[in-house]
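Novice: Below is the file target_39.txt, which contains compact mmCIF, C-alpha atoms.
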# COMPACT_ATOMS: atom_id res chain seq x y z
CA MET P 247 28.04 -5.76 3.08
CA SER P 248 26.97 -9.41 3.03
CA LEU P 249 23.69 -10.54 4.54
CA THR P 250 23.58 -11.70 8.13
CA ASN P 251 22.05 -15.08 8.99
CA ARG P 252 18.84 -13.37 10.04
CA GLU P 253 18.69 -11.38 6.78
CA GLU P 254 19.25 -14.53 4.72
CA GLN P 255 16.47 -16.23 6.68
CA LEU P 256 14.08 -13.32 6.04
CA LEU P 257 14.94 -13.21 2.33
CA HIS P 258 14.20 -16.94 2.14
CA GLU P 259 10.84 -16.38 3.89
CA ILE P 260 9.91 -13.64 1.41
CA ARG P 261 10.80 -15.84 -1.56
CA GLU P 262 8.69 -18.66 -0.12
CA TRP P 263 5.81 -16.18 0.29
CA GLU P 264 6.35 -15.09 -3.32
CA GLN P 265 5.76 -18.67 -4.45
CA THR P 266 2.37 -18.71 -2.72
CA LEU P 267 1.07 -15.70 -4.66
CA ASP P 268 -0.22 -17.82 -7.54
CA GLU P 269 -1.59 -20.58 -5.31
CA TYR P 270 -4.63 -18.67 -4.02
CA ASN P 271 -7.93 -20.46 -4.61
CA GLN P 272 -10.99 -18.23 -4.71
CA SER P 273 -14.23 -19.35 -3.12
CA GLN P 274 -17.37 -19.57 -5.24
CA ILE P 275 -18.70 -16.41 -3.59
CA GLU P 276 -15.53 -14.51 -4.50
CA ILE P 277 -15.65 -15.81 -8.08
CA THR P 278 -19.29 -14.74 -8.45
CA TYR P 279 -18.52 -11.33 -6.93
CA ASP P 280 -15.57 -10.80 -9.30
CA GLU P 281 -17.71 -11.76 -12.29
CA TRP P 282 -20.34 -9.24 -11.21
CA LEU P 283 -17.69 -6.50 -10.88
CA HIS P 284 -16.27 -7.27 -14.32
CA LYS P 285 -19.73 -7.12 -15.87
CA ALA P 286 -20.51 -3.84 -14.11
CA VAL P 287 -17.26 -2.21 -15.31
CA GLY P 288 -17.78 -3.76 -18.76
CA LEU P 289 -20.95 -1.70 -19.16
CA VAL P 290 -18.84 1.47 -19.26
CA PRO P 291 -17.86 2.48 -22.84
CA GLU P 292 -14.15 1.90 -23.50
CA HIS P 293 -13.32 5.53 -24.34
CA ILE P 294 -14.98 6.77 -21.15
CA LEU P 295 -13.16 4.14 -19.08
CA GLN P 296 -9.78 5.07 -20.56
CA GLU P 297 -10.43 8.77 -19.95
CA TYR P 298 -11.39 7.97 -16.36
CA LEU P 299 -8.21 5.90 -15.87
CA ALA P 300 -6.01 8.69 -17.25
CA LYS P 301 -7.60 11.34 -15.01
CA THR P 302 -7.47 9.06 -11.97
CA ASP P 303 -3.81 8.32 -12.68
CA ASP P 304 -3.04 12.03 -12.76
CA PHE P 305 -5.02 12.60 -9.55
CA MET P 306 -3.20 9.77 -7.75
CA PHE P 307 0.18 11.22 -8.72
CA HIS P 308 -0.63 14.69 -7.36
CA PHE P 309 -2.42 13.31 -4.30
CA THR P 310 0.60 11.18 -3.37
CA SER P 311 2.89 14.17 -3.85
CA PHE P 312 0.60 16.21 -1.60
CA ILE P 313 0.72 13.56 1.16
CA GLN P 314 4.54 13.58 1.08
CA ASN P 315 4.58 17.23 2.05
CA THR P 316 1.82 17.34 4.64
CA ASP P 317 2.70 18.26 8.21
CA ILE P 318 1.29 14.88 9.29
CA GLN P 319 3.87 13.04 7.19
CA ILE P 320 6.71 15.36 8.21
CA GLN P 321 5.89 14.69 11.87
CA ALA P 322 5.72 10.94 11.13
CA GLU P 323 9.21 11.14 9.65
CA LYS P 324 10.48 12.78 12.84
CA ARG P 325 8.83 10.11 15.00
CA ILE P 326 10.44 7.34 12.95
CA ILE P 327 13.87 8.94 13.40
CA ASN P 328 13.27 9.37 17.14
CA THR P 329 12.28 5.70 17.45
CA ALA P 330 15.41 4.68 15.53
CA ARG P 331 17.54 6.63 18.02
CA VAL P 332 16.48 4.16 20.71
CA PHE P 333 18.67 1.64 18.86
CA GLN P 334 21.33 4.04 17.57
CA PRO P 335 21.45 7.51 19.18
CA ASP P 336 23.43 9.26 16.42
CA ILE P 337 20.84 8.76 13.63
CA THR P 338 19.81 12.10 12.15
CA ASP P 339 17.95 11.30 8.92
CA ILE P 340 15.93 8.56 7.24
CA PRO P 341 18.65 6.92 5.07
CA GLU P 342 20.77 6.33 8.18
CA LEU P 343 18.13 3.86 9.41
CA GLN P 344 19.65 1.30 7.04
CA SER P 345 22.55 0.93 9.45
CA LEU P 346 20.17 -0.76 11.91
CA GLN P 347 19.48 -4.48 12.05
CA ILE P 348 16.61 -5.74 9.90
CA ASP P 349 14.52 -6.79 12.91
CA GLN P 350 14.93 -3.32 14.42
CA LEU P 351 13.66 -1.77 11.17
CA SER P 352 10.76 -4.23 11.10
CA TYR P 353 9.87 -3.25 14.67
CA ILE P 354 9.74 0.42 13.66
CA CYS P 355 7.67 -0.44 10.58
CA ASP P 356 5.23 -2.59 12.57
CA GLN P 357 4.66 0.27 15.00
CA GLN P 358 3.81 2.68 12.19
CA LEU P 359 1.58 0.31 10.22
CA ALA P 360 -0.36 -0.90 13.27
CA LYS P 361 -1.45 2.70 13.85
CA GLN P 362 -2.49 3.04 10.21
CA ARG P 363 -4.71 -0.03 10.40
CA LEU P 364 -6.38 1.36 13.52
CA TYR P 365 -6.94 4.69 11.74
CA ALA P 366 -8.58 2.80 8.86
CA LEU P 367 -10.78 0.85 11.27
CA GLY P 368 -11.90 4.02 13.05
CA GLN P 369 -12.43 5.95 9.84
CA GLY P 370 -14.46 3.11 8.34
CA ALA P 371 -16.58 2.83 11.49
CA LEU P 372 -17.30 6.57 11.36
CA SER P 373 -18.35 6.36 7.72
CA GLY P 374 -20.52 3.42 8.75
CA THR P 375 -22.69 5.78 10.79
CA GLY P 376 -24.16 6.82 7.44
CA LYS P 377 -23.68 10.56 7.85
CA ALA P 378 -23.41 12.16 4.43
CA LEU P 379 -20.12 14.00 5.03
CA LEU P 380 -18.39 10.92 6.45
CA VAL P 381 -19.67 8.60 3.71
CA GLY P 382 -18.67 11.12 1.03
CA THR P 383 -15.11 11.42 2.31
CA ASP P 384 -14.65 7.68 2.90
CA ILE P 385 -12.75 6.86 -0.30
CA PRO P 386 -10.43 9.93 -0.20
CA ALA P 387 -9.70 9.25 3.48
CA LEU P 388 -8.97 5.58 2.79
CA LEU P 389 -6.65 6.58 -0.06
CA PHE P 390 -4.83 9.02 2.21
CA ILE P 391 -4.36 6.43 4.96
CA ASN P 392 -3.04 3.77 2.60
CA LEU P 393 -0.72 5.92 0.51
CA GLN P 394 0.62 7.40 3.75
CA SER P 395 1.08 3.86 5.08
CA ILE P 396 3.26 2.88 2.13
CA GLN P 397 5.37 6.01 2.58
CA LYS P 398 5.77 5.20 6.27
CA ALA P 399 6.87 1.67 5.40
CA ALA P 400 9.44 3.10 2.97
CA MET P 401 10.79 5.51 5.59
CA SER P 402 10.92 2.75 8.20
CA TYR P 403 13.37 0.86 5.99
CA GLY P 404 15.50 3.93 5.32
CA TYR P 405 14.14 5.27 2.03
CA ASN P 406 13.79 9.01 1.50
CA ILE P 407 10.29 9.44 0.06
CA HIS P 408 10.96 12.96 -1.26
CA THR P 409 12.30 11.86 -4.65
CA PRO P 410 10.59 11.19 -8.01
CA PHE P 411 11.49 7.50 -7.94
CA GLU P 412 10.03 6.93 -4.46
CA LEU P 413 6.88 8.81 -5.43
CA MET P 414 6.30 6.38 -8.30
CA MET P 415 7.19 3.38 -6.13
CA THR P 416 4.54 4.41 -3.60
CA LEU P 417 1.92 4.36 -6.34
CA LYS P 418 3.17 1.09 -7.82
CA VAL P 419 3.23 -0.71 -4.46
CA PHE P 420 -0.33 0.51 -3.82
CA HIS P 421 -1.51 -0.70 -7.21
CA THR P 422 0.24 -4.07 -7.03
CA ALA P 423 -1.03 -4.76 -3.50
CA LEU P 424 -4.61 -4.46 -4.77
CA LEU P 425 -4.31 -6.63 -7.87
CA PRO P 426 -6.68 -9.61 -8.04
CA PRO P 427 -5.18 -12.93 -6.86
CA GLU P 428 -4.53 -14.25 -10.36
CA LEU P 429 -2.33 -11.22 -11.15
CA GLN P 430 -0.48 -10.97 -7.82
CA LYS P 431 2.54 -13.04 -8.87
CA THR P 432 3.02 -11.15 -12.16
CA GLY P 433 2.58 -7.81 -10.39
CA TRP P 434 5.15 -8.70 -7.72
CA LEU P 435 7.71 -9.77 -10.32
CA GLU P 436 7.21 -6.55 -12.31
CA LEU P 437 7.53 -4.48 -9.15
CA THR P 438 10.69 -6.17 -7.91
CA GLU P 439 12.27 -6.09 -11.36
CA GLU P 440 12.38 -2.30 -11.10
CA ILE P 441 14.75 -2.45 -8.11
CA GLU P 442 16.76 -5.56 -8.95
CA HIS P 443 19.62 -3.75 -10.70
CA GLY P 444 19.86 -0.49 -8.78
CA VAL P 445 17.86 2.74 -9.03
CA ASP P 446 18.40 6.44 -9.56
CA PRO P 447 16.34 8.26 -6.90
CA TYR P 448 15.97 11.40 -9.03
CA PHE P 449 14.87 9.74 -12.28
CA TYR P 450 12.14 7.23 -12.98
CA GLU P 451 12.44 5.38 -16.28
CA GLY P 452 9.74 2.73 -15.90
CA ARG P 453 6.12 2.76 -17.03
CA ASP P 454 4.52 5.81 -15.45
CA GLN P 455 0.86 4.81 -15.81
CA VAL P 456 -0.23 3.19 -12.58
CA VAL P 457 -4.02 3.12 -12.47
CA THR P 458 -5.60 0.17 -14.30
CA GLU P 459 -8.99 -1.53 -14.33
CA SER P 460 -7.97 -3.49 -11.21
CA LEU P 461 -8.22 -0.31 -9.15
CA VAL P 462 -11.56 0.48 -10.75
CA TYR P 463 -12.89 -2.81 -9.35
CA LYS P 464 -11.71 -1.80 -5.87
CA ALA P 465 -13.36 1.61 -6.25
CA VAL P 466 -16.64 -0.03 -7.27
CA ALA P 467 -16.46 -2.25 -4.19
CA GLN P 468 -16.01 0.81 -1.97
CA ILE P 469 -18.94 2.57 -3.65
CA VAL P 470 -21.13 -0.50 -3.10
CA LYS P 471 -20.06 -0.44 0.56
CA SER P 472 -21.11 3.22 0.81
CA PHE P 473 -24.57 2.49 -0.66
CA LEU P 474 -24.99 -0.41 1.76
CA ILE P 475 -24.07 1.83 4.69
CA VAL P 476 -26.63 4.44 3.62
CA ILE P 477 -29.33 1.76 3.36
CA LEU P 478 -28.47 0.39 6.81
CA LYS P 479 -28.52 3.93 8.22
CA ARG P 480 -32.08 4.42 6.99
CA LYS P 481 -33.16 1.14 8.55
CA ALA P 482 -31.62 2.08 11.90
CA TYR P 483 -34.30 4.74 12.45
CA GLY P 484 -32.25 6.99 14.72
CA ARG P 485 -30.47 4.19 16.53
CA ILE P 486 -26.71 3.71 16.32
CA PRO P 487 -26.15 1.81 13.04
CA LEU P 488 -23.87 -0.85 14.53
CA LEU P 489 -24.06 -3.12 11.48
CA GLY P 490 -23.09 -0.29 9.16
CA MET P 491 -20.20 0.67 11.45
CA ALA P 492 -19.02 -2.95 11.55
CA ILE P 493 -19.13 -3.24 7.75
CA GLY P 494 -17.40 0.10 7.20
CA GLY P 495 -14.70 -0.52 9.80
CA GLY P 496 -14.16 -4.14 8.81
CA MET P 497 -13.82 -3.46 5.07
CA ASN P 498 -11.47 -0.52 5.57
CA TYR P 499 -9.34 -2.48 8.04
CA THR P 500 -9.09 -5.44 5.65
CA PHE P 501 -8.24 -3.15 2.74
CA THR P 502 -5.50 -1.41 4.71
CA LYS P 503 -4.07 -4.62 6.15
CA GLN P 504 -3.72 -6.00 2.63
CA VAL P 505 -1.83 -2.89 1.50
CA THR P 506 0.37 -2.55 4.59
CA ASP P 507 1.38 -6.22 4.69
CA TYR P 508 2.36 -6.03 1.04
CA ALA P 509 4.28 -2.77 1.50
CA LYS P 510 6.25 -4.22 4.41
CA ARG P 511 7.20 -7.30 2.37
CA PHE P 512 8.29 -5.18 -0.57
CA TYR P 513 10.54 -2.80 1.36
CA GLN P 514 12.07 -5.66 3.31
CA TYR P 515 12.85 -7.41 0.04
CA ARG P 516 14.16 -4.23 -1.56
CA LEU P 517 16.56 -3.52 1.29
CA LEU P 518 17.91 -7.07 1.29
CA ILE P 519 18.29 -7.24 -2.50
CA GLU P 520 20.13 -3.92 -2.54
CA LYS P 521 22.55 -5.28 0.07
CA VAL P 522 23.11 -8.37 -2.07
CA ASN P 523 23.68 -6.21 -5.16
CA ASN P 524 26.10 -3.93 -3.32
CA GLU P 525 28.07 -6.95 -2.20
CA ALA P 526 28.19 -8.21 -5.82
CA GLY P 527 29.17 -4.75 -7.08
CA ILE P 528 25.97 -4.23 -9.09
Kindly present the structure from the file in structure tokens form.

Specialist:
Amino acid sequence: MSLTNREEQLLHEIREWEQTLDEYNQSQIEITYDEWLHKAVGLVPEHILQEYLAKTDDFMFHFTSFIQNTDIQIQAEKRIINTARVFQPDITDIPELQSLQIDQLSYICDQQLAKQRLYALGQGALSGTGKALLVGTDIPALLFINLQSIQKAAMSYGYNIHTPFELMMTLKVFHTALLPPELQKTGWLELTEEIEHGVDPYFYEGRDQVVTESLVYKAVAQIVKSFLIVILKRKAYGRIPLLGMAIGGGMNYTFTKQVTDYAKRFYQYRLLIEKVNNEAGI
């Protein structure tokens, strides 16, 4: 099936966006902050850092697999199918969504991801109250929301997330979305290369290590946020810690928006490229 005019237009927009990935200019504050993060992580002995990365990688794999099979995600899958039936009543499963128009799929995706960003905002605001339980569960909750968001984006564009390949793609999209600006273009090209020439949903033959130092920097930033929230809580003296709630909600919203925007771009591109490849017989 050849691309429609609208699909060709969208593919052109994505390729123009791709060209902007290496044009980002950091402010002096961002450069100073990044240098501080690199120095902080550099204090950790190399063997300890590598052990941490390996264990985190293993945790991320099992955590993502767990999310796939939660009742929350199963219900989300049903809601996506029900929404798709508004456009085509005979749709019964996720892969059949690919028979819809690209703008219809994007509408479904936007609906799902808008909710995820609101969840992140609310969860961050709650952690910003400074209560020990909420602060302690902030990072796991943020991970859950964002990995679930990527899976929802995949389903919205007709990809069955219950396969080994899609499990790895969820992790890789998450990792690539959070790369520092200077690595965004390289990360995008590596990610898209994996789907350029067709995929086998039941086998993954690419590099299976996902967690790198880039994610460690993001984790450090979240930990710093948690310490700041605790400090602001103590200074509130019983009052509602509005500043802490604003910081927690704002950072989590920004984090999730970055991931969800990237995931939407990727699955749009993947769907369009697969259509092009099918037309060319690849």

Novice: To one decimal in Å, tell me the separation between atom CA of P:Leu413 and atom CA of P:Ala360.

Specialist: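 Between atom CA of P:Leu413 and atom CA of P:Ala360 the gap works out to 22.3 Å.
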
Novice: Find the residues near stretch 432-444 of chain P: any atom within 8 Å, counting all atoms listed in the file, skip ones fewer than 4 places away on the same chain, and give them as a list in words.

Specialist: Glu264, Lys418, Val419, Thr422, Leu425, Gly452, Phe512, Arg516, Ile519, Glu520, Asn523 and Ile528 of chain P

Novice: So that I have them on file, write out the residues from the current selection with C-alpha atoms, as a tab-separated table (two decimals), in the coordinates of the input.

Specialist:
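And here's again.tsv as it stands now:
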chain	number	residue	atom	x	y	z
P	264	GLU	CA	6.35	-15.09	-3.32
P	418	LYS	CA	3.17	1.09	-7.82
P	419	VAL	CA	3.23	-0.71	-4.46
P	422	THR	CA	0.24	-4.07	-7.03
P	425	LEU	CA	-4.31	-6.63	-7.87
P	452	GLY	CA	9.74	2.73	-15.90
P	512	PHE	CA	8.29	-5.18	-0.57
P	516	ARG	CA	14.16	-4.23	-1.56
P	519	ILE	CA	18.29	-7.24	-2.50
P	520	GLU	CA	20.13	-3.92	-2.54
P	523	ASN	CA	23.68	-6.21	-5.16
P	528	ILE	CA	25.97	-4.23	-9.09

Novice: Which polymer residues have any atom within 8 Å of an atom of P:Leu346, counting all atoms listed in the file, with same-chain residues fewer than 5 positions away left out, as an mmCIF file with C-alpha atoms, in the coordinates of the input?

Specialist:
data_model
loop_
_atom_site.group_PDB
_atom_site.id
_atom_site.type_symbol
_atom_site.label_atom_id
_atom_site.label_comp_id
_atom_site.auth_asym_id
_atom_site.auth_seq_id
_atom_site.Cartn_x
_atom_site.Cartn_y
_atom_site.Cartn_z
ATOM 1 C CA PHE P 333 18.670 1.640 18.860
ATOM 2 C CA GLN P 334 21.330 4.040 17.570
ATOM 3 C CA LEU P 351 13.660 -1.770 11.170
#

Novice: May I have the protein, DNA and RNA residues with any atom at most 12 Å from the point (-9.3, 1.2, 14.6), counting all atoms listed in the file, written as an MDAnalysis selection string?

Specialist: chainID P and resid 359:372 491:492 494:500 502:503

Novice: Report the distance between atom CA of P:Ala399 and atom CA of P:Gln347 in Å, rounded to one decimal place.

Specialist: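 Between these atoms lies a distance of 15.5 Å.
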
Novice: Which is closest to P:Val381 among P:Glu262, P:Leu256, P:Ile477, P:Thr506, if we use all atoms listed in the file?

Specialist: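 Among P:Glu262, P:Leu256, P:Ile477, P:Thr506, it is P:Ile477 that comes nearest to P:Val381.
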
Novice: Which of these residues is nearest to P:Pro410, using all atoms listed in the file: P:Gln344, P:Thr383, P:Thr329, P:Thr310?

Specialist: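 Comparing P:Gln344, P:Thr383, P:Thr329, P:Thr310 against P:Pro410, the winner is P:Thr310.
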
Novice: Which residue is closest to P:Ile313? Choose from P:Phe390, P:Tyr515, P:Phe501, P:Phe473 and count only C-alpha atoms.

Specialist: P:Phe390

Novice: By how many Å are atom CA of P:Ala509 and atom CA of P:Ile396 apart?

Specialist: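 Going from atom CA of P:Ala509 over to atom CA of P:Ile396 covers 5.8 Å.
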
Novice: Check the smallest atom-to-atom distance from each of P:Asp268, P:Glu323, P:Glu259, P:Asp303 to P:His421 using only C-alpha atoms, then report the winner.

Specialist: P:Asp303

Novice: Smallest atom-to-atom distance to P:Ile340: which of P:Thr302, P:Gln255, P:Ala322, P:Glu525, using only C-alpha atoms?

Specialist: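 Checking each of P:Thr302, P:Gln255, P:Ala322, P:Glu525 against P:Ile340, counting only C-alpha atoms, the winner is P:Ala322.
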
Novice: Using only C-alpha atoms for the distances, tell me which of P:Ala423, P:Leu343, P:Ile320, P:Val287 is nearest to P:Ala467.

Specialist: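 Nearest to P:Ala467: P:Val287.
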